[in-house]
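A.B. asks: After the structure tokens below, expect a handful of questions from me.
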Amino acid sequence: MSESSTVLRAARWVDVETGRVHSPATIVVDDNSITAVDPPQEPAGARVVDLGGLTLLPGLMDMEINLLIGGPDTPTGLPNPMHGVQDDPVYRTLRGTVNARTTLHAGFTTVRNLGLMVKTGGYLLDVDLGRAIDQGWVEGPRIVGAGHAVTPTGGHLDPTMFQRLAPHIMPVSIEEGRANGVPQVRECVRYQIKYGAGVIKISASGGVMSHGTVAGAQQYSDEELAAIVDEAHRAGIRVAAHAHGDAGIRACIRAGVDCIEHGSLASDDTIAMMVEHGTFLVPTSYLSEGLDVSKAAPALQKKAAEVFPRARETLRKAIQAGVKIACGTDAPAVPHGDNAKELWALVDRGMTPAQALRAATVTSAELIDVDDRGRLAAGLLADIIAVPGDPTADITTLQDVRFVMKDGRIVKHR
């Protein structure tokens, strides 16, 4: 042990793999790693942090978030639909620093930032934000950034479809995510990877909160999807697809897409196909309760009223079928900081609290292909949170995070 050793004491800790709660809890941290859980004796001279009656868990993970929109000036509901033309890249990145800190303090120590397609001049702002966090310049979670989402002209993630802009008002380049046809989508994916993207995000079907797109409609052709997956997988990068519609989801699975975001309208056969292929699902299910659509256009409110009830039922079926489900919120559609409400939604749709905890830890770690976090065990990163009560009995305790340690450093303690 070094002089930097810290001992965390608490009433209990949760083994998220088994769902068992152990009491009392002693975890030893040295530098940025866990070195022992419930050792026979504590190291001499270590700093002791006594958390009393709290419960220790591994840091949670949000696999569908956008830190660069929403936040301090939009605490509830949808972000300003004009953000794409009002926020310049500097302002957008500064916004991201605020949202990153909020997310970390909510107990989420790792996220996938699955960006929109926005006007940045080709800069991958989430990748740069992640670098700044890794270097300790600002507080925030570990970020697996997608850079710009890859979308066809008029696709759900085309910014002009959110803002209803007239032609030529906001030209967007391949480097910023708009790509049509096999040659362009290959070039677009290569650009994101060149500048540090850790995941590729694509628009494979229409969306709920975009004008002129039918939520269930497939948007990229089978050939374009196959080319996107081929480029990403040859570089060792996984692909996440925004897809509500059944046809789009099936096309993504056939193409080898690793993860479906939302999956709202998947049929029983498609759910079985996901199980067969080992395709992950990030359902973002709390959107159906947490997304305030009261100020959205009537057409968008109508789409939400049609899609959200079906999405809840689809998730129930996916849970029963054994689909690999990871936790993701789609924040700021759900306000930054309310991320743990997604775990409540998973339980409401049929998971046990222990299963929901695995979705936000072990399964999310598997989705981003890491084995250095997601559990409380010797040798893993010291990403540790504490909440009151027992989250395996009451999942809502995760909405009251009292303590956060990331990389062995305490960032919240109240």
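By order of appearance in the structure tokens: chains A, B, ..., then residues from 1 within every chain, and ligands from 1 in the order shown.
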Applying 12 Å and only C-alpha atoms, which residues near A:Ala305 remain after dropping the ones on its own chain fewer than 3 positions away? List them as a PyMOL selection string.

C.D. replies: chain A and resi 208-209+215+287-289+291-294+298-302+308-312

A.B. asks: Please provide the set of residues having any atom within 9 Å of A:Leu265, restricted to only C-alpha atoms, with same-chain residues fewer than 5 positions apart removed, written as a PyMOL selection string.

C.D. replies: chain A and resi 215-216+243-246+249+307+310-311+314

A.B. asks: Would you put the residues from that selection into a file with C-alpha atoms, as a CSV table (one decimal), in the first residue's frame?

C.D. replies:
chain,number,residue,atom,x,y,z
A,215,ALA,CA,-40.7,6.9,-36.5
A,216,GLY,CA,-40.8,3.4,-38.0
A,243,ALA,CA,-33.8,2.8,-34.6
A,244,HIS,CA,-37.5,2.8,-33.6
A,245,GLY,CA,-39.0,0.9,-36.5
A,246,ASP,CA,-39.1,-2.8,-36.9
A,249,ILE,CA,-34.0,-2.7,-36.5
A,307,VAL,CA,-44.8,5.3,-30.0
A,310,ARG,CA,-45.7,0.6,-27.6
A,311,ALA,CA,-42.1,1.1,-26.6
A,314,THR,CA,-41.7,-3.8,-26.4

A.B. asks: Write down as a ChimeraX atom specification the residues belonging to stretch 19-144 of chain A that are assigned strand (DSSP E) by DSSP computed on the backbone.

C.D. replies: /A:20-22,25-30,33-37,47-50,54-58,60-65,108-113,142-144

A.B. asks: Choose the residue, out of A:Pro72, A:Gly136, A:Gly379, A:Gly59, that has the smallest atom-to-atom separation from A:Asp31; count only C-alpha atoms.

C.D. replies: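 Of A:Pro72, A:Gly136, A:Gly379, A:Gly59, the one nearest A:Asp31 is A:Gly379, counting only C-alpha atoms.
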
A.B. asks: For A:Gln355, find every residue with an atom within 9 Å (counting only C-alpha atoms), except residues of its own chain fewer than 2 positions away, and show them as a PyMOL selection string.

C.D. replies: chain A and resi 16-17+19+346-347+351-353+357-360+392

A.B. asks: Take the residues from that selection and put them in a file with N, CA and C atoms, as a compact mmCIF listing (two decimals), in the first residue's frame.

C.D. replies:
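This went into result_37.txt:
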# COMPACT_ATOMS: atom_id res chain seq x y z
N VAL A 16 -22.90 -6.52 -7.88
CA VAL A 16 -23.90 -6.35 -8.94
C VAL A 16 -23.99 -7.57 -9.85
N GLU A 17 -22.98 -8.41 -9.87
CA GLU A 17 -23.05 -9.62 -10.70
C GLU A 17 -24.04 -10.63 -10.12
N GLY A 19 -26.16 -9.83 -7.38
CA GLY A 19 -27.27 -9.16 -6.72
C GLY A 19 -27.24 -9.28 -5.21
N LEU A 346 -36.66 0.66 -15.98
CA LEU A 346 -36.33 -0.74 -16.27
C LEU A 346 -37.04 -1.68 -15.29
N VAL A 347 -37.08 -1.28 -14.03
CA VAL A 347 -37.78 -2.10 -13.04
C VAL A 347 -39.29 -2.08 -13.29
N MET A 351 -37.84 -5.69 -15.02
CA MET A 351 -36.59 -6.13 -14.42
C MET A 351 -36.70 -6.15 -12.90
N THR A 352 -35.92 -6.99 -12.26
CA THR A 352 -35.72 -6.85 -10.82
C THR A 352 -34.73 -5.70 -10.60
N PRO A 353 -34.70 -5.11 -9.40
CA PRO A 353 -33.70 -4.08 -9.16
C PRO A 353 -32.27 -4.57 -9.41
N LEU A 357 -29.58 -2.90 -12.01
CA LEU A 357 -28.21 -2.52 -11.62
C LEU A 357 -27.20 -3.12 -12.59
N ARG A 358 -27.41 -4.36 -12.99
CA ARG A 358 -26.48 -4.97 -13.95
C ARG A 358 -26.54 -4.25 -15.29
N ALA A 359 -27.74 -3.81 -15.69
CA ALA A 359 -27.86 -3.08 -16.96
C ALA A 359 -27.02 -1.81 -16.95
N ALA A 360 -26.90 -1.17 -15.79
CA ALA A 360 -26.17 0.09 -15.67
C ALA A 360 -24.72 -0.10 -15.27
N THR A 392 -31.09 -2.87 -4.08
CA THR A 392 -31.63 -4.13 -4.59
C THR A 392 -33.06 -4.35 -4.11

A.B. asks: Do you know which residues are at most 9 Å from A:Val98 counting only C-alpha atoms, after dropping those on the same chain fewer than 5 positions away, and could you put them as a compact mmCIF listing (two decimals) with C-alpha atoms, in the first residue's frame?

C.D. replies:
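Output saved as out-v3.txt:
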# COMPACT_ATOMS: atom_id res chain seq x y z
CA LEU A 67 -23.60 16.21 -22.93
CA GLY A 71 -28.40 21.62 -19.29
CA PRO A 72 -28.31 24.82 -17.27
CA THR A 103 -23.86 13.65 -14.71
CA GLU A 139 -14.99 17.10 -13.70
CA GLY A 140 -16.99 14.55 -15.60

A.B. asks: Residues near stretch 399-409 of chain A, anyone? I mean within 6 Å using only C-alpha atoms, not counting same-chain ones fewer than 5 positions away, as a PyMOL selection string.

C.D. replies: chain A and resi 31-32+340+382-387+414

A.B. asks: Can you list, as a short mmCIF file (atom, residue, chain, number, x, y, z; two decimals) with N, CA and C atoms, in the first residue's frame, every protein, DNA or RNA residue that comes within 8 Å of A:Val37 when you count only C-alpha atoms, leaving out same-chain residues fewer than 6 positions away?

C.D. replies:
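result_37.cif was written with the following content:
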data_model
loop_
_atom_site.label_atom_id
_atom_site.label_comp_id
_atom_site.auth_asym_id
_atom_site.auth_seq_id
_atom_site.Cartn_x
_atom_site.Cartn_y
_atom_site.Cartn_z
N ALA A 25 -19.28 -3.07 4.95
CA ALA A 25 -18.45 -2.91 3.77
C ALA A 25 -17.15 -2.20 4.10
N THR A 26 -16.05 -2.76 3.58
CA THR A 26 -14.75 -2.10 3.64
C THR A 26 -14.09 -2.26 2.28
N ILE A 27 -13.78 -1.15 1.64
CA ILE A 27 -13.12 -1.18 0.33
C ILE A 27 -11.85 -0.35 0.41
N VAL A 28 -10.76 -0.95 -0.02
CA VAL A 28 -9.46 -0.28 0.00
C VAL A 28 -9.13 0.19 -1.41
N LEU A 376 -17.40 -3.98 -8.08
CA LEU A 376 -16.51 -3.68 -6.96
C LEU A 376 -15.65 -4.91 -6.72
N ALA A 377 -14.41 -4.86 -7.20
CA ALA A 377 -13.50 -5.99 -7.10
C ALA A 377 -12.07 -5.50 -7.18
N ALA A 378 -11.17 -6.22 -6.53
CA ALA A 378 -9.76 -5.86 -6.55
C ALA A 378 -9.24 -5.84 -7.99
#

A.B. asks: Using DSSP on the backbone coordinates, identify all residues within stretch 156-274 of chain A classified as helix (DSSP H, G or I); present the result as a ChimeraX atom specification.

C.D. replies: /A:159-163,174-176,181-194,222-234,246-255,268-274

A.B. asks: One decimal, in Å: what's the spacing between atom CA of A:Glu64 and atom CA of A:Ala226?

C.D. replies: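 Separation between atom CA of A:Glu64 and atom CA of A:Ala226: 22.4 Å.
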
A.B. asks: Would you write out, as CSV, a table of all residues in stretch 46-157 of chain A that have an atom no more than 10 Å from an atom of stretch 236-241 of chain A, listing for each the closest atom pair and the distance in Å to one decimal, considering only C-alpha atoms and ordering rows by chain and rising residue number?

C.D. replies:
residue,atom,partner,partner_atom,distance
A:Met63,CA,A:Ala240,CA,9.9
A:Glu64,CA,A:Ala240,CA,9.5
A:Leu114,CA,A:Ala240,CA,8.2
A:Ala146,CA,A:Ala240,CA,9.1
A:Ala149,CA,A:Ala241,CA,9.4
A:Val150,CA,A:Ala241,CA,9.4

A.B. asks: Once you have the residues from the selection above, write them out as a compact mmCIF listing (two decimals), in the first residue's frame, restricted to C-alpha atoms.

C.D. replies:
# COMPACT_ATOMS: atom_id res chain seq x y z
CA MET A 63 -24.98 4.45 -22.70
CA GLU A 64 -27.11 7.09 -24.50
CA LEU A 114 -24.04 9.47 -28.89
CA ALA A 146 -19.29 9.16 -31.18
CA ALA A 149 -23.93 11.00 -35.73
CA VAL A 150 -24.00 9.63 -39.28

A.B. asks: Which residues, written as a ChimeraX atom specification, have at least one atom at most 10 Å from A:Glu366, with only C-alpha atoms counted and residues fewer than 6 positions away on the same chain left out?

C.D. replies: /A:280,324,326,359,373-374

A.B. asks: How about saving the chosen residues, C-alpha atoms kept, as a tab-separated table (two decimals), in the first residue's frame?

C.D. replies:
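Below you can see result_25.tsv, which holds the result:
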chain	number	residue	atom	x	y	z
A	280	PHE	CA	-27.61	-5.03	-27.34
A	324	LYS	CA	-28.90	-7.87	-23.54
A	326	ALA	CA	-27.89	-1.67	-21.14
A	359	ALA	CA	-27.86	-3.08	-16.96
A	373	ARG	CA	-15.00	-1.22	-14.29
A	374	GLY	CA	-18.63	-2.03	-13.56

A.B. asks: Please tabulate, as a tab-separated table, the residues of stretch 124-238 of chain A that come within 10 Å of stretch 254-264 of chain A, each with its closest pair of atoms and the distance in Å to one decimal, counting only C-alpha atoms and ordering rows by chain, then residue number upward.

C.D. replies:
residue	atom	partner	partner_atom	distance
A:Ile200	CA	A:Val257	CA	9.8
A:Lys201	CA	A:Glu261	CA	9.4
A:Ile202	CA	A:Val257	CA	9.6
A:Ser203	CA	A:Glu261	CA	9.7
A:Ala204	CA	A:Ile260	CA	9.4
A:Ser205	CA	A:Gly263	CA	9.9
A:Gly207	CA	A:His262	CA	9.8
A:Ala215	CA	A:Ser264	CA	9.1
A:Gly216	CA	A:Ser264	CA	8.8
A:Asp222	CA	A:Ala255	CA	7.2
A:Glu223	CA	A:Ala255	CA	8.5
A:Glu224	CA	A:Ala255	CA	9.2
A:Leu225	CA	A:Ala255	CA	6.1
A:Ala226	CA	A:Ala255	CA	4.9
A:Ala227	CA	A:Ala255	CA	8.5
A:Ile228	CA	A:Ala255	CA	8.8
A:Val229	CA	A:Val257	CA	6.3
A:Asp230	CA	A:Gly256	CA	8.6
A:Ala232	CA	A:Val257	CA	9.7
A:His233	CA	A:Gly256	CA	9.1
A:Ile237	CA	A:Asp258	CA	9.7
A:Arg238	CA	A:Asp258	CA	6.1

A.B. asks: May I have the selected residues written with N, CA, C and O atoms, as a tab-separated table (two decimals), in the first residue's frame?

C.D. replies:
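See out_31.tsv below for the written result:
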chain	number	residue	atom	x	y	z
A	200	ILE	N	-19.49	4.51	-33.30
A	200	ILE	CA	-20.15	5.16	-34.43
A	200	ILE	C	-21.66	5.14	-34.17
A	200	ILE	O	-22.23	4.08	-33.90
A	201	LYS	N	-22.28	6.30	-34.26
A	201	LYS	CA	-23.74	6.42	-34.08
A	201	LYS	C	-24.36	6.70	-35.44
A	201	LYS	O	-23.90	7.57	-36.17
A	202	ILE	N	-25.41	5.96	-35.78
A	202	ILE	CA	-26.07	6.15	-37.07
A	202	ILE	C	-27.57	6.32	-36.88
A	202	ILE	O	-28.15	5.88	-35.88
A	203	SER	N	-28.19	6.96	-37.84
A	203	SER	CA	-29.64	7.12	-37.88
A	203	SER	C	-30.19	6.07	-38.83
A	203	SER	O	-30.04	6.18	-40.05
A	204	ALA	N	-30.83	5.06	-38.29
A	204	ALA	CA	-31.31	3.94	-39.10
A	204	ALA	C	-32.81	3.96	-39.32
A	204	ALA	O	-33.33	3.24	-40.17
A	205	SER	N	-33.52	4.77	-38.51
A	205	SER	CA	-34.97	4.89	-38.73
A	205	SER	C	-35.38	6.30	-38.37
A	205	SER	O	-34.60	7.09	-37.84
A	207	GLY	N	-37.57	9.31	-36.33
A	207	GLY	CA	-37.57	9.61	-34.91
A	207	GLY	C	-38.89	10.19	-34.45
A	207	GLY	O	-39.78	10.51	-35.25
A	215	ALA	N	-41.50	7.58	-37.54
A	215	ALA	CA	-40.67	6.92	-36.53
A	215	ALA	C	-40.27	5.51	-36.94
A	215	ALA	O	-39.17	5.06	-36.63
A	216	GLY	N	-41.13	4.81	-37.65
A	216	GLY	CA	-40.84	3.42	-37.99
A	216	GLY	C	-40.10	3.22	-39.29
A	216	GLY	O	-39.73	2.09	-39.61
A	222	ASP	N	-29.87	-1.12	-46.92
A	222	ASP	CA	-29.10	-2.27	-46.43
A	222	ASP	C	-27.63	-2.14	-46.83
A	222	ASP	O	-26.73	-2.47	-46.03
A	223	GLU	N	-27.36	-1.66	-48.05
A	223	GLU	CA	-25.98	-1.54	-48.54
A	223	GLU	C	-25.23	-0.48	-47.74
A	223	GLU	O	-24.05	-0.67	-47.40
A	224	GLU	N	-25.89	0.63	-47.44
A	224	GLU	CA	-25.23	1.68	-46.66
A	224	GLU	C	-24.94	1.21	-45.22
A	224	GLU	O	-23.86	1.46	-44.68
A	225	LEU	N	-25.90	0.51	-44.62
A	225	LEU	CA	-25.69	-0.01	-43.27
A	225	LEU	C	-24.51	-0.98	-43.24
A	225	LEU	O	-23.67	-0.93	-42.33
A	226	ALA	N	-24.45	-1.87	-44.23
A	226	ALA	CA	-23.36	-2.84	-44.28
A	226	ALA	C	-22.01	-2.14	-44.42
A	226	ALA	O	-21.01	-2.55	-43.80
A	227	ALA	N	-21.96	-1.07	-45.21
A	227	ALA	CA	-20.70	-0.35	-45.39
A	227	ALA	C	-20.27	0.36	-44.11
A	227	ALA	O	-19.09	0.37	-43.75
A	228	ILE	N	-21.23	0.94	-43.40
A	228	ILE	CA	-20.92	1.61	-42.12
A	228	ILE	C	-20.33	0.62	-41.13
A	228	ILE	O	-19.30	0.86	-40.50
A	229	VAL	N	-21.00	-0.53	-40.99
A	229	VAL	CA	-20.54	-1.54	-40.03
A	229	VAL	C	-19.18	-2.09	-40.44
A	229	VAL	O	-18.29	-2.28	-39.60
A	230	ASP	N	-18.98	-2.31	-41.72
A	230	ASP	CA	-17.71	-2.82	-42.21
A	230	ASP	C	-16.57	-1.87	-41.85
A	230	ASP	O	-15.52	-2.30	-41.34
A	232	ALA	N	-16.45	0.47	-39.51
A	232	ALA	CA	-16.24	0.57	-38.06
A	232	ALA	C	-15.59	-0.68	-37.50
A	232	ALA	O	-14.62	-0.61	-36.74
A	233	HIS	N	-16.10	-1.84	-37.87
A	233	HIS	CA	-15.60	-3.08	-37.28
A	233	HIS	C	-14.16	-3.37	-37.70
A	233	HIS	O	-13.39	-3.94	-36.91
A	237	ILE	N	-14.17	-0.67	-33.88
A	237	ILE	CA	-15.12	0.27	-33.29
A	237	ILE	C	-16.53	-0.30	-33.44
A	237	ILE	O	-16.90	-0.82	-34.50
A	238	ARG	N	-17.33	-0.20	-32.39
A	238	ARG	CA	-18.69	-0.70	-32.42
A	238	ARG	C	-19.65	0.35	-32.98
A	238	ARG	O	-19.35	1.55	-33.01

A.B. asks: Taking only C-alpha atoms into account, which of A:Ile410, A:Leu129, A:Ile253, A:Leu343 comes nearest A:Asp394?

C.D. replies: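 Checking each candidate against A:Asp394, we get A:Leu343 as the closest.
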
A.B. asks: Counting only C-alpha atoms, which residue out of A:Gly147, A:Pro141, A:Pro167, A:Gly248 sits closest to A:Arg190?

C.D. replies: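 Selected residue with least distance to A:Arg190: A:Gly147.
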